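Novice: What follows is coords_25.txt; its format and atoms are compact mmCIF, C-alpha atoms.
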# COMPACT_ATOMS: atom_id res chain seq x y z
CA MET O 1312 95.56 80.62 119.76
CA LYS O 1313 89.85 80.83 127.35
CA ARG O 1314 89.99 78.01 126.04
CA SER O 1315 88.91 79.94 123.37
CA SER O 1316 92.29 80.86 124.35
CA LEU O 1317 93.13 77.44 123.13
CA SER O 1318 92.64 78.61 119.63
CA LEU O 1319 94.49 81.72 120.38
CA ARG O 1320 97.36 79.73 121.42
CA LEU O 1321 97.51 78.67 117.97
CA ALA O 1322 98.90 81.84 117.62
CA ALA O 1323 100.71 81.64 120.62
CA PRO O 1324 103.80 79.49 121.57
CA ALA O 1325 103.83 75.88 120.29
CA ALA O 1326 106.61 74.12 120.01
CA ALA O 1327 106.08 74.46 122.17
CA LEU O 1328 102.79 76.70 120.45
CA VAL O 1329 103.53 77.03 118.68
CA LEU O 1330 100.87 76.33 118.87
CA ALA O 1331 103.05 76.17 121.89
CA GLY O 1332 100.82 75.76 124.42
CA LEU O 1333 98.63 75.14 122.21
CA THR O 1334 101.17 77.12 121.26
CA ALA O 1335 100.52 77.96 117.87
CA THR O 1336 102.56 76.13 115.56
CA ALA O 1337 101.88 76.37 112.01
CA CYS O 1338 101.91 72.72 111.40
CA ALA O 1339 100.72 72.92 107.87
CA PRO O 1340 100.56 69.96 105.51
CA SER O 1341 103.62 69.29 103.49
CA THR O 1342 102.01 68.31 100.22
CA SER O 1343 98.94 69.32 98.28
CA SER O 1344 97.18 68.47 95.08
CA ASN O 1345 94.69 71.28 95.64
CA THR O 1346 93.98 73.36 92.55
CA GLU O 1347 91.92 76.47 92.11
CA SER O 1348 88.47 75.78 90.75
CA THR O 1349 87.07 77.72 87.82
CA LYS O 1350 83.53 77.06 89.03
CA ASP O 1351 81.81 79.66 91.21
CA SER O 1352 78.30 78.47 92.01
CA LYS O 1353 76.00 81.06 93.60
CA SER O 1354 73.76 78.46 95.26
CA GLY O 1355 74.03 75.14 97.07
CA THR O 1356 75.92 74.24 100.24
CA ILE O 1357 79.05 75.89 101.54
CA ARG O 1358 81.02 73.92 104.08
CA VAL O 1359 82.67 75.68 107.00
CA TRP O 1360 85.31 74.30 109.38
CA LEU O 1361 85.80 76.12 112.66
CA PHE O 1362 87.81 75.17 115.73
CA ARG O 1363 86.02 73.46 118.58
CA GLU O 1364 86.57 75.24 121.89
CA VAL O 1365 86.55 73.63 125.33
CA ASN O 1366 83.20 75.35 125.88
CA ASN O 1367 81.86 75.51 122.36
CA ALA O 1368 78.24 76.48 123.03
CA PRO O 1369 78.77 80.28 123.10
CA LYS O 1370 80.70 80.11 119.83
CA GLU O 1371 78.04 77.96 118.20
CA LYS O 1372 75.34 80.43 119.20
CA VAL O 1373 77.12 83.35 117.52
CA VAL O 1374 77.90 81.33 114.40
CA LYS O 1375 74.27 80.22 114.13
CA GLU O 1376 73.23 83.87 114.13
CA ALA O 1377 75.66 84.58 111.30
CA VAL O 1378 74.43 81.56 109.35
CA ALA O 1379 70.81 82.68 109.74
CA GLU O 1380 71.65 86.17 108.53
CA PHE O 1381 73.65 84.80 105.62
CA THR O 1382 71.01 82.32 104.43
CA LYS O 1383 68.32 84.98 104.70
CA LYS O 1384 70.29 87.01 102.19
CA HIS O 1385 71.22 83.98 100.08
CA SER O 1386 67.99 81.98 100.04
CA ASP O 1387 69.33 79.28 97.73
CA THR O 1388 72.28 78.57 99.99
CA ARG O 1389 72.84 76.25 102.94
CA VAL O 1390 75.76 76.59 105.36
CA ASP O 1391 77.12 73.37 106.86
CA VAL O 1392 79.34 74.14 109.88
CA THR O 1393 81.67 71.52 111.34
CA TYR O 1394 83.73 72.10 114.50
CA ILE O 1395 87.09 70.35 114.32
CA PRO O 1396 89.51 69.62 117.19
CA ILE O 1397 92.35 72.13 117.27
CA GLU O 1398 94.90 69.49 118.18
CA THR O 1399 94.24 67.44 115.03
CA ARG O 1400 93.75 70.31 112.61
CA ALA O 1401 97.02 69.56 110.81
CA GLU O 1402 95.82 66.12 109.75
CA LYS O 1403 92.39 67.44 108.80
CA MET O 1404 93.85 70.23 106.72
CA LYS O 1405 96.34 67.93 105.01
CA ALA O 1406 93.50 65.68 103.94
CA ALA O 1407 91.51 68.68 102.74
CA PHE O 1408 94.41 70.06 100.73
CA ASN O 1409 94.90 66.72 99.03
CA ASP O 1410 91.21 66.08 98.33
CA PRO O 1411 89.35 69.30 97.46
CA LYS O 1412 86.09 67.37 97.02
CA SER O 1413 85.99 66.65 100.76
CA ALA O 1414 87.43 70.02 101.76
CA PRO O 1415 85.50 72.91 103.27
CA ASP O 1416 84.89 76.17 101.46
CA VAL O 1417 85.67 78.28 104.53
CA VAL O 1418 88.18 77.49 107.28
CA GLU O 1419 89.39 78.95 110.56
CA PHE O 1420 93.14 78.83 111.06
CA GLY O 1421 95.76 80.11 113.48
CA ASN O 1422 97.65 83.07 112.06
CA THR O 1423 101.03 81.34 112.35
CA ASP O 1424 99.60 78.68 110.01
CA THR O 1425 99.04 81.18 107.19
CA ALA O 1426 102.37 80.93 105.39
CA GLY O 1427 102.45 77.14 105.54
CA TYR O 1428 98.93 76.74 104.22
CA VAL O 1429 99.60 79.19 101.40
CA ASN O 1430 102.84 77.42 100.55
CA ASP O 1431 100.88 74.18 100.23
CA GLY O 1432 98.31 75.74 97.92
CA GLY O 1433 95.43 75.44 100.34
CA LEU O 1434 94.17 79.00 100.69
CA ALA O 1435 92.65 81.25 98.06
CA ASP O 1436 94.12 84.66 97.27
CA ILE O 1437 91.36 87.11 98.22
CA THR O 1438 93.40 90.31 97.84
CA ALA O 1439 90.88 91.92 95.50
CA GLU O 1440 87.90 91.18 97.74
CA PHE O 1441 89.78 92.27 100.87
CA GLY O 1442 90.56 95.60 99.23
CA LYS O 1443 86.83 96.23 98.72
CA TRP O 1444 85.78 94.96 102.16
CA GLU O 1445 84.38 97.81 104.23
CA ASP O 1446 85.98 96.61 107.48
CA ALA O 1447 89.45 96.39 105.94
CA LYS O 1448 90.08 100.01 106.94
CA SER O 1449 90.06 98.87 110.59
CA VAL O 1450 92.79 96.26 110.11
CA THR O 1451 96.23 97.46 111.22
CA ALA O 1452 99.31 96.74 109.13
CA SER O 1453 100.70 94.21 111.61
CA VAL O 1454 97.40 92.33 111.84
CA LYS O 1455 97.03 92.36 108.06
CA GLU O 1456 100.49 90.82 107.89
CA SER O 1457 99.11 87.77 109.71
CA VAL O 1458 96.82 87.03 106.74
CA SER O 1459 99.31 88.00 104.06
CA VAL O 1460 102.11 86.31 102.17
CA ASP O 1461 104.27 88.16 99.65
CA GLY O 1462 101.85 91.06 99.58
CA LYS O 1463 98.78 88.97 98.83
CA VAL O 1464 95.90 88.52 101.28
CA TYR O 1465 94.65 85.03 102.14
CA GLY O 1466 92.09 85.64 104.85
CA VAL O 1467 90.29 87.94 107.24
CA PRO O 1468 91.64 88.40 110.80
CA TRP O 1469 88.89 87.16 113.14
CA TYR O 1470 90.38 87.93 116.53
CA VAL O 1471 93.74 88.76 118.02
CA GLY O 1472 95.58 87.97 121.21
CA VAL O 1473 98.32 90.02 122.83
CA ARG O 1474 100.17 89.74 126.11
CA ALA O 1475 100.62 92.21 128.94
CA LEU O 1476 101.86 92.18 132.54
CA TYR O 1477 99.63 90.72 135.26
CA TYR O 1478 100.61 91.64 138.82
CA ARG O 1479 99.39 90.96 142.34
CA THR O 1480 97.78 94.12 143.71
CA ASP O 1481 97.89 92.86 147.30
CA ILE O 1482 101.60 91.99 147.16
CA PHE O 1483 102.48 95.29 145.48
CA LYS O 1484 100.53 97.22 148.14
CA GLU O 1485 102.17 95.27 150.95
CA LEU O 1486 105.66 96.00 149.62
CA GLY O 1487 104.95 99.57 148.56
CA LEU O 1488 105.62 98.80 144.92
CA LYS O 1489 104.17 100.58 141.92
CA PRO O 1490 103.31 98.82 138.65
CA PRO O 1491 106.60 98.59 136.69
CA ALA O 1492 107.04 101.38 134.16
CA THR O 1493 110.33 100.05 132.73
CA GLN O 1494 111.95 96.67 132.30
CA GLY O 1495 114.47 97.65 134.96
CA GLU O 1496 111.66 98.33 137.43
CA LEU O 1497 110.07 95.02 136.49
CA ALA O 1498 113.28 93.13 137.28
CA ALA O 1499 113.72 95.01 140.57
CA ALA O 1500 110.13 94.29 141.61
CA ALA O 1501 110.59 90.59 140.80
CA ARG O 1502 113.68 90.41 143.02
CA ARG O 1503 111.96 92.25 145.86
CA ILE O 1504 108.92 90.00 145.78
CA ARG O 1505 111.05 86.87 145.78
CA ALA O 1506 113.14 88.19 148.67
CA GLU O 1507 110.10 89.02 150.79
CA HIS O 1508 108.08 85.98 149.75
CA PRO O 1509 110.57 83.13 149.08
CA ASP O 1510 107.68 80.73 148.55
CA MET O 1511 106.71 82.69 145.42
CA PHE O 1512 108.33 83.54 142.10
CA GLY O 1513 108.91 87.24 141.71
CA ILE O 1514 107.69 86.83 138.16
CA SER O 1515 106.52 83.65 136.51
CA VAL O 1516 108.55 83.48 133.30
CA GLY O 1517 110.10 80.53 131.55
CA ALA O 1518 112.61 79.45 128.95
CA LYS O 1519 109.83 77.89 126.89
CA ASN O 1520 107.73 81.06 126.74
CA VAL O 1521 108.70 82.28 123.27
CA TYR O 1522 105.94 84.86 123.03
CA GLY O 1523 106.72 86.24 126.47
CA MET O 1524 110.36 86.69 125.50
CA LEU O 1525 109.90 88.31 122.08
CA PRO O 1526 108.68 91.70 123.37
CA PHE O 1527 112.05 92.11 125.12
CA VAL O 1528 113.92 91.40 121.89
CA TRP O 1529 111.67 93.66 119.84
CA SER O 1530 111.79 96.53 122.33
CA ALA O 1531 115.59 96.39 122.22
CA GLY O 1532 115.48 96.84 118.46
CA GLY O 1533 116.15 93.19 117.64
CA ASP O 1534 114.14 90.56 115.80
CA LEU O 1535 113.93 86.88 115.04
CA ALA O 1536 114.85 87.37 111.39
CA GLU O 1537 115.09 89.90 108.60
CA LYS O 1538 113.71 89.49 105.11
CA ARG O 1539 116.30 89.83 102.39
CA GLY O 1540 115.00 89.49 98.90
CA ASP O 1541 112.73 86.47 98.73
CA THR O 1542 113.93 84.79 101.89
CA TYR O 1543 114.69 85.43 105.54
CA THR O 1544 117.98 85.58 107.39
CA ALA O 1545 118.20 84.98 111.12
CA ALA O 1546 118.64 88.10 113.25
CA ILE O 1547 118.36 86.53 116.70
CA ASP O 1548 122.15 86.74 116.94
CA SER O 1549 122.30 90.50 116.32
CA ALA O 1550 123.61 92.77 119.08
CA ALA O 1551 120.16 94.26 119.68
CA SER O 1552 118.47 90.86 119.83
CA ARG O 1553 121.08 89.55 122.25
CA LYS O 1554 120.54 92.59 124.49
CA GLY O 1555 116.79 92.03 124.66
CA LEU O 1556 117.18 88.29 125.11
CA LYS O 1557 119.58 88.83 128.01
CA THR O 1558 117.11 91.18 129.71
CA TYR O 1559 114.49 88.44 129.56
CA THR O 1560 116.65 85.46 130.51
CA ASP O 1561 118.13 87.42 133.42
CA LEU O 1562 114.65 87.23 134.97
CA ILE O 1563 115.09 83.45 135.14
CA ALA O 1564 117.44 83.56 138.08
CA LYS O 1565 117.36 82.37 141.69
CA GLU O 1566 116.57 85.92 142.84
CA SER O 1567 113.30 86.03 140.88
CA CYS O 1568 112.39 82.80 139.07
CA PRO O 1569 114.89 79.97 139.76
CA PRO O 1570 116.13 78.19 136.61
CA GLU O 1571 115.66 74.73 138.12
CA GLN O 1572 111.93 75.48 138.28
CA CYS O 1573 111.42 78.06 135.55
CA ALA O 1574 113.52 76.71 132.68
CA GLU O 1575 110.72 74.34 131.73
CA LEU O 1576 107.89 76.87 132.02
CA GLY O 1577 105.96 77.71 128.87
CA GLY O 1578 103.38 80.44 128.51
CA ASP O 1579 100.44 78.42 129.80
CA ALA O 1580 102.37 77.07 132.78
CA GLY O 1581 103.56 80.55 133.67
CA VAL O 1582 100.00 81.84 133.68
CA GLN O 1583 98.78 78.92 135.77
CA THR O 1584 101.55 79.50 138.30
CA PHE O 1585 100.42 83.10 138.74
CA ALA O 1586 96.74 82.15 138.79
CA GLY O 1587 97.51 79.64 141.54
CA GLY O 1588 98.94 82.37 143.74
CA LYS O 1589 102.57 81.27 143.35
CA ALA O 1590 103.98 84.36 141.60
CA GLY O 1591 103.92 88.12 142.00
CA MET O 1592 103.81 88.82 138.26
CA ALA O 1593 103.32 87.01 134.97
CA ILE O 1594 103.19 87.75 131.27
CA GLY O 1595 99.77 86.67 130.07
CA GLY O 1596 97.28 87.35 127.34
CA ASP O 1597 93.84 88.91 127.23
CA PHE O 1598 92.78 85.28 126.78
CA SER O 1599 94.32 84.40 130.16
CA ARG O 1600 91.80 86.29 132.25
CA GLN O 1601 89.47 83.37 132.89
CA ALA O 1602 92.34 81.40 134.40
CA MET O 1603 92.86 84.27 136.84
CA GLU O 1604 89.18 84.53 137.66
CA ASP O 1605 89.05 80.79 138.31
CA GLY O 1606 92.25 80.83 140.38
CA ALA O 1607 93.52 81.92 143.77
CA VAL O 1608 94.28 85.46 142.57
CA LYS O 1609 90.70 86.43 141.81
CA GLY O 1610 90.14 89.97 143.05
CA LYS O 1611 93.85 90.40 143.77
CA TYR O 1612 95.38 91.20 140.38
CA ALA O 1613 95.56 93.94 137.79
CA VAL O 1614 97.11 94.34 134.35
CA VAL O 1615 99.34 96.94 132.71
CA PRO O 1616 101.05 96.92 129.31
CA LEU O 1617 104.42 95.17 129.37
CA PRO O 1618 106.91 98.04 129.78
CA GLY O 1619 109.81 98.76 127.49
CA PRO O 1620 113.37 99.79 128.35
CA GLN O 1621 112.34 103.40 129.04
CA LYS O 1622 109.35 104.96 130.76
CA GLY O 1623 106.44 105.65 128.49
CA VAL O 1624 107.38 102.84 126.12
CA ILE O 1625 105.23 99.74 125.68
CA SER O 1626 107.06 96.64 124.47
CA PRO O 1627 105.72 95.38 121.12
CA ALA O 1628 103.66 92.23 121.61
CA PHE O 1629 103.27 89.24 119.35
CA ALA O 1630 100.06 89.65 117.35
CA GLY O 1631 98.52 86.25 117.92
CA GLY O 1632 95.05 85.28 116.83
CA ASN O 1633 92.92 83.33 114.41
CA ASN O 1634 91.79 84.04 110.87
CA LEU O 1635 89.03 83.01 108.50
CA GLY O 1636 89.96 82.01 104.96
CA VAL O 1637 88.60 80.54 101.76
CA MET O 1638 89.93 77.29 100.40
CA ARG O 1639 91.57 77.51 97.00
CA GLY O 1640 89.61 74.58 95.62
CA THR O 1641 86.16 75.94 96.53
CA THR O 1642 83.44 75.86 93.87
CA HIS O 1643 81.53 78.58 95.75
CA ARG O 1644 84.16 81.30 95.92
CA THR O 1645 81.83 84.31 95.97
CA LEU O 1646 79.56 82.82 98.62
CA ALA O 1647 82.54 81.70 100.69
CA VAL O 1648 84.11 85.16 100.64
CA ASP O 1649 80.76 86.75 101.53
CA PHE O 1650 80.39 84.43 104.54
CA VAL O 1651 83.95 85.10 105.70
CA GLU O 1652 83.39 88.85 105.49
CA LEU O 1653 80.14 88.55 107.43
CA LEU O 1654 81.42 86.30 110.23
CA GLY O 1655 84.72 88.19 110.35
CA GLY O 1656 83.07 91.60 110.22
CA GLY O 1657 82.68 94.11 113.01
CA ALA O 1658 79.22 93.06 114.17
CA TYR O 1659 80.18 89.43 114.70
CA GLN O 1660 83.62 90.23 116.10
CA SER O 1661 81.75 92.19 118.76
CA LYS O 1662 79.37 89.28 119.35
CA MET O 1663 82.32 86.88 119.66
CA PHE O 1664 83.88 89.14 122.28
CA ASP O 1665 80.67 89.14 124.29
CA ALA O 1666 80.32 85.37 123.97
CA MET O 1667 83.92 84.18 124.23
CA GLY O 1668 86.06 87.13 125.30
CA ASN O 1669 87.97 87.02 122.00
CA MET O 1670 89.75 90.34 121.39
CA PRO O 1671 88.43 91.84 118.13
CA ALA O 1672 90.94 92.26 115.32
CA LEU O 1673 89.26 95.42 114.04
CA THR O 1674 90.44 98.64 115.68
CA ASP O 1675 87.03 100.30 115.80
CA VAL O 1676 85.55 97.28 117.57
CA GLN O 1677 88.49 97.21 119.98
CA GLU O 1678 87.64 100.75 121.04
CA LYS O 1679 84.05 99.78 121.73
CA VAL O 1680 84.91 96.74 123.84
CA ALA O 1681 87.49 98.74 125.82
CA ASP O 1682 84.75 101.18 126.77
CA LYS O 1683 82.43 98.47 128.01
CA ALA O 1684 85.08 96.13 129.42
CA PRO O 1685 87.82 98.14 131.21
CA PHE O 1686 89.89 94.97 131.70
CA THR O 1687 90.72 95.01 128.01
CA LYS O 1688 92.25 98.51 128.05
CA PRO O 1689 95.89 97.47 128.70
CA PHE O 1690 95.64 95.04 125.80
CA VAL O 1691 94.05 97.60 123.50
CA GLU O 1692 96.83 100.04 124.48
CA THR O 1693 99.36 97.37 123.58
CA LEU O 1694 97.70 96.81 120.21
CA LYS O 1695 97.66 100.55 119.54
CA SER O 1696 101.33 100.93 120.38
CA GLY O 1697 102.25 98.41 117.72
CA THR O 1698 102.53 94.64 117.49
CA LYS O 1699 104.88 92.36 115.61
CA PHE O 1700 104.74 88.95 114.01
CA VAL O 1701 106.92 85.93 113.39
CA PRO O 1702 108.61 85.46 109.99
CA VAL O 1703 105.91 84.93 107.36
CA THR O 1704 107.31 81.76 105.85
CA SER O 1705 106.58 78.06 105.96
CA ALA O 1706 110.03 77.67 107.55
CA TRP O 1707 108.64 79.04 110.80
CA SER O 1708 106.68 75.85 111.47
CA LYS O 1709 109.93 73.86 111.21
CA ILE O 1710 111.78 76.27 113.49
CA ASP O 1711 108.92 76.12 115.93
CA SER O 1712 108.37 72.38 115.88
CA GLU O 1713 112.09 71.80 116.45
CA ALA O 1714 111.95 74.13 119.47
CA VAL O 1715 114.93 76.14 118.23
CA ILE O 1716 114.09 79.25 120.27
CA PRO O 1717 113.10 77.50 123.54
CA THR O 1718 116.23 75.33 123.34
CA MET O 1719 118.34 78.46 122.89
CA MET O 1720 116.79 80.04 125.99
CA GLN O 1721 117.21 76.90 128.06
CA GLU O 1722 120.87 76.71 127.11
CA ILE O 1723 121.32 80.27 128.34
CA VAL O 1724 119.47 80.01 131.66
CA SER O 1725 121.10 76.67 132.48
CA GLY O 1726 124.54 78.17 131.94
CA ARG O 1727 125.41 75.60 129.28
CA LYS O 1728 126.03 78.34 126.73
CA SER O 1729 126.56 82.07 126.73
CA VAL O 1730 124.02 84.35 125.09
CA ASP O 1731 126.39 84.84 122.15
CA ALA O 1732 127.02 81.12 121.65
CA ALA O 1733 123.39 80.07 122.05
CA THR O 1734 122.08 82.71 119.65
CA ALA O 1735 124.78 81.90 117.10
CA ASP O 1736 123.79 78.23 117.13
CA ALA O 1737 120.08 79.10 116.92
CA ALA O 1738 120.74 81.43 113.98
CA LYS O 1739 122.46 78.64 112.07
CA LYS O 1740 119.45 76.34 112.55
CA MET O 1741 117.04 79.10 111.55
CA ASP O 1742 119.02 79.94 108.42
CA ALA O 1743 119.03 76.27 107.42
CA ALA O 1744 115.23 76.21 107.76
CA PHE O 1745 114.83 79.44 105.81
CA SER O 1746 117.11 78.14 103.06
CA SER O 1747 115.23 74.84 102.74
CA ALA O 1748 111.93 76.73 102.47
CA GLY O 1749 113.24 78.69 99.51
Please go through the file and, once you have read it, give me the structure as C-alpha cells.
Specialist:
Amino acid sequence: MKRSSLSLRLAAPAAALVLAGLTATACAPSTSSNTESTKDSKSGTIRVWLFREVNNAPKEKVVKEAVAEFTKKHSDTRVDVTYIPIETRAEKMKAAFNDPKSAPDVVEFGNTDTAGYVNDGGLADITAEFGKWEDAKSVTASVKESVSVDGKVYGVPWYVGVRALYYRTDIFKELGLKPPATQGELAAAARRIRAEHPDMFGISVGAKNVYGMLPFVWSAGGDLAEKRGDTYTAAIDSAASRKGLKTYTDLIAKESCPPEQCAELGGDAGVQTFAGGKAGMAIGGDFSRQAMEDGAVKGKYAVVPLPGPQKGVISPAFAGGNNLGVMRGTTHRTLAVDFVELLGGGAYQSKMFDAMGNMPALTDVQEKVADKAPFTKPFVETLKSGTKFVPVTSAWSKIDSEAVIPTMMQEIVSGRKSVDAATADAAKKMDAAFSSAG
C-alpha cells in the first residue's frame, strides 16, 4: 500500500498496516447511509478521489493524460480529481459514505479495505461491467479476489505489490554463499552472516512484519482462516500454520536477528535496516527498491523470489495493492465505470509503472515491464507462482487494528508463550471478530 509504496502499504501490514506500515489496514467506516442512486447522468462532472503520494507529481501527470483522453471521448463531461492523504482516508471515506452528495464518483482504495467498504455500503457492484471489460482476462484469480466480496466485483485492480528476498551480493560473495533456494538454506545463510558479521542481522525480519511472515505459513499449507459457509474460522492454530509460523519466528533469534532488537520490527523498519547496510537479507516488496537505491546498499544487492520449503518452490506472497472503484451513490455510474476502466486499463497501468514504479495488476502488462525492467522479474515470477490474500471480511480490519497477529508473534519470540499457546489465543480473538462481523 515508493512512497507510492505508501499506498501499497495499504495493502501491506498495518496494524501495524495494516495499513501496517502504512500497513494496510482496512479501516473502513462503521456506519453508512449511502444508497444506490437510480440516476445515471451521461454528462456533467465526475469527482475522483485518489491517494496523494509523497512525490505526487508523476502520478498527477499520468492521471491528467487519462483525464484528457476521457474528456475527449466524453465532450460533455468534466473530471474533477482530488488527491487525499492516505493517513486520513478512513475519516474521508466515512464522511463520503454518510453523505453521498459530497462523495466522489470514483475512489482509489487499498485492497484490504474492500470488504469493509462493501460491508458499509460504500462501493457499487460492478460485476456485470467487469465481466465485459476487455482487460479482465488479464486479472488473476487471486488479484480478482482483492476486489471481490461474496462473488461480486467492486472495483478494478490498479496495481499490486508482492514481496521477495533482497540479499547483499557483496556479503554473499565474501562468504561463498549462494542465493537461498529453500527456507532451510535461508536460515543457514542468516546464521552464517550473523556469525561472520556480528554487527549485522543475518536477515532483517520482525515480529510485526505480518506480510513477511505469511508466506511461511502459506508455503507450509497453513492459512490465517478458512471460510465455512458465510463466515470465517481461524486456521492460524492448525498444525500446518504452526509449522510455517515456527519456521519464520525461528529466524528471530540471537544467531540471526536477536529478539531484543527484532521483535519490534515491522515491514518498513526491516527494509530500512537492510537499506542502511545493517542486514545481509530482508523480505521486501517491489515497492521497496527506491529505499535500497537511496541507501547504503546501492549497487550491492539483488533479489530472488522468497523460497519455499523445497527447492524449486516459491512461497506464496500476499497480493497487496490498490484498486479503483465506483461509489454506490454516484449519479454518473456509466461515466464513472468508464473512467475506472480507462485509468485502470493496461495502457495506464504501464504508464503508472514508468512514472511511479507501481507493479501492474494485469498479467500481460507485467510481462512487458519485466522485459524492460529486469529488476521486476523476481516479483513477476512470484506473482506467476501464485499469491494469496487475507480473509475477505470486514472483521479483518478489527483483527488488524488490534494487532492480533503481531502480538502472537511477539509472544512467541519473547518466549512468553509457546507457538501452540500463542496461536490458540490468537485464534480465539480472530473467531470472536469473525463472529461479530456475521
Novice: To one decimal place in Å, what is the distance between CA of Pro1569 in chain O and CA of Val1521 in chain O?
Specialist: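 Value for the CA of Pro1569 in chain O-CA of Val1521 in chain O distance: 17.8 Å.
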Novice: For Leu1654 in chain O, list every protein, DNA or RNA residue within 12 Å, evaluated using only C-alpha atoms, and leave out those in the same chain fewer than 5 positions away; present the list as a VMD selection string.
Specialist: chain O and resid 1359 1361 1370 1373 to 1381 1417 to 1419 1446 1466 to 1470 1634 to 1636 1647 to 1649 1659 to 1663 1671
Novice: Filtering to C-alpha atoms, could you give me those residues as a PDB file, keeping the file's coordinate frame?
Specialist:
ATOM      1  CA  VAL O1359      82.670  75.680 107.000  1.00  0.00           C
ATOM      2  CA  LEU O1361      85.800  76.120 112.660  1.00  0.00           C
ATOM      3  CA  LYS O1370      80.700  80.110 119.830  1.00  0.00           C
ATOM      4  CA  VAL O1373      77.120  83.350 117.520  1.00  0.00           C
ATOM      5  CA  VAL O1374      77.900  81.330 114.400  1.00  0.00           C
ATOM      6  CA  LYS O1375      74.270  80.220 114.130  1.00  0.00           C
ATOM      7  CA  GLU O1376      73.230  83.870 114.130  1.00  0.00           C
ATOM      8  CA  ALA O1377      75.660  84.580 111.300  1.00  0.00           C
ATOM      9  CA  VAL O1378      74.430  81.560 109.350  1.00  0.00           C
ATOM     10  CA  ALA O1379      70.810  82.680 109.740  1.00  0.00           C
ATOM     11  CA  GLU O1380      71.650  86.170 108.530  1.00  0.00           C
ATOM     12  CA  PHE O1381      73.650  84.800 105.620  1.00  0.00           C
ATOM     13  CA  VAL O1417      85.670  78.280 104.530  1.00  0.00           C
ATOM     14  CA  VAL O1418      88.180  77.490 107.280  1.00  0.00           C
ATOM     15  CA  GLU O1419      89.390  78.950 110.560  1.00  0.00           C
ATOM     16  CA  ASP O1446      85.980  96.610 107.480  1.00  0.00           C
ATOM     17  CA  GLY O1466      92.090  85.640 104.850  1.00  0.00           C
ATOM     18  CA  VAL O1467      90.290  87.940 107.240  1.00  0.00           C
ATOM     19  CA  PRO O1468      91.640  88.400 110.800  1.00  0.00           C
ATOM     20  CA  TRP O1469      88.890  87.160 113.140  1.00  0.00           C
ATOM     21  CA  TYR O1470      90.380  87.930 116.530  1.00  0.00           C
ATOM     22  CA  ASN O1634      91.790  84.040 110.870  1.00  0.00           C
ATOM     23  CA  LEU O1635      89.030  83.010 108.500  1.00  0.00           C
ATOM     24  CA  GLY O1636      89.960  82.010 104.960  1.00  0.00           C
ATOM     25  CA  ALA O1647      82.540  81.700 100.690  1.00  0.00           C
ATOM     26  CA  VAL O1648      84.110  85.160 100.640  1.00  0.00           C
ATOM     27  CA  ASP O1649      80.760  86.750 101.530  1.00  0.00           C
ATOM     28  CA  TYR O1659      80.180  89.430 114.700  1.00  0.00           C
ATOM     29  CA  GLN O1660      83.620  90.230 116.100  1.00  0.00           C
ATOM     30  CA  SER O1661      81.750  92.190 118.760  1.00  0.00           C
ATOM     31  CA  LYS O1662      79.370  89.280 119.350  1.00  0.00           C
ATOM     32  CA  MET O1663      82.320  86.880 119.660  1.00  0.00           C
ATOM     33  CA  PRO O1671      88.430  91.840 118.130  1.00  0.00           C
TER      34      PRO O1671
END
Novice: Could you tell me how far CA of Thr1704 in chain O sits from CA of Ser1729 in chain O, in Å to one decimal place?
Specialist: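 Going from CA of Ser1729 in chain O over to CA of Thr1704 in chain O, I get 28.4 Å.
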Novice: If you measure from CA of Tyr1428 in chain O to CA of Tyr1465 in chain O, what distance in Å do you get, rounded to one decimal?
Specialist: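 Calculated distance between CA of Tyr1428 in chain O and CA of Tyr1465 in chain O is 9.6 Å.
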Novice: Using all atoms listed in the file, which residue out of O:Thr1584, O:Asn1633, O:Thr1544, O:Ser1515 lies closest to Leu1497 in chain O?
Specialist: O:Ser1515
Novice: Please complete range 1348-1358 of chain O so it has N, CA and C atoms, and hand it over as a CSV table (one decimal), keeping the file's coordinate frame.
Specialist:
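Contents of the output file part.csv:
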chain,number,residue,atom,x,y,z
O,1348,SER,N,89.6,76.1,91.6
O,1348,SER,CA,88.5,75.8,90.8
O,1348,SER,C,88.1,77.0,89.9
O,1349,THR,N,87.6,76.7,88.7
O,1349,THR,CA,87.1,77.7,87.8
O,1349,THR,C,85.6,77.9,88.0
O,1350,LYS,N,85.0,77.0,88.8
O,1350,LYS,CA,83.5,77.1,89.0
O,1350,LYS,C,83.2,78.0,90.2
O,1351,ASP,N,82.2,78.8,90.1
O,1351,ASP,CA,81.8,79.7,91.2
O,1351,ASP,C,80.3,79.7,91.3
O,1352,SER,N,79.7,78.6,91.9
O,1352,SER,CA,78.3,78.5,92.0
O,1352,SER,C,77.8,79.5,93.0
O,1353,LYS,N,76.6,80.1,92.7
O,1353,LYS,CA,76.0,81.1,93.6
O,1353,LYS,C,74.9,80.4,94.4
O,1354,SER,N,74.8,79.1,94.4
O,1354,SER,CA,73.8,78.5,95.3
O,1354,SER,C,74.3,77.1,95.7
O,1355,GLY,N,73.6,76.4,96.6
O,1355,GLY,CA,74.0,75.1,97.1
O,1355,GLY,C,74.5,75.2,98.5
O,1356,THR,N,75.4,74.3,98.9
O,1356,THR,CA,75.9,74.2,100.2
O,1356,THR,C,77.4,74.7,100.3
O,1357,ILE,N,77.7,75.6,101.3
O,1357,ILE,CA,79.0,75.9,101.5
O,1357,ILE,C,79.4,75.2,102.9
O,1358,ARG,N,80.6,74.6,102.9
O,1358,ARG,CA,81.0,73.9,104.1
O,1358,ARG,C,82.0,74.8,104.8
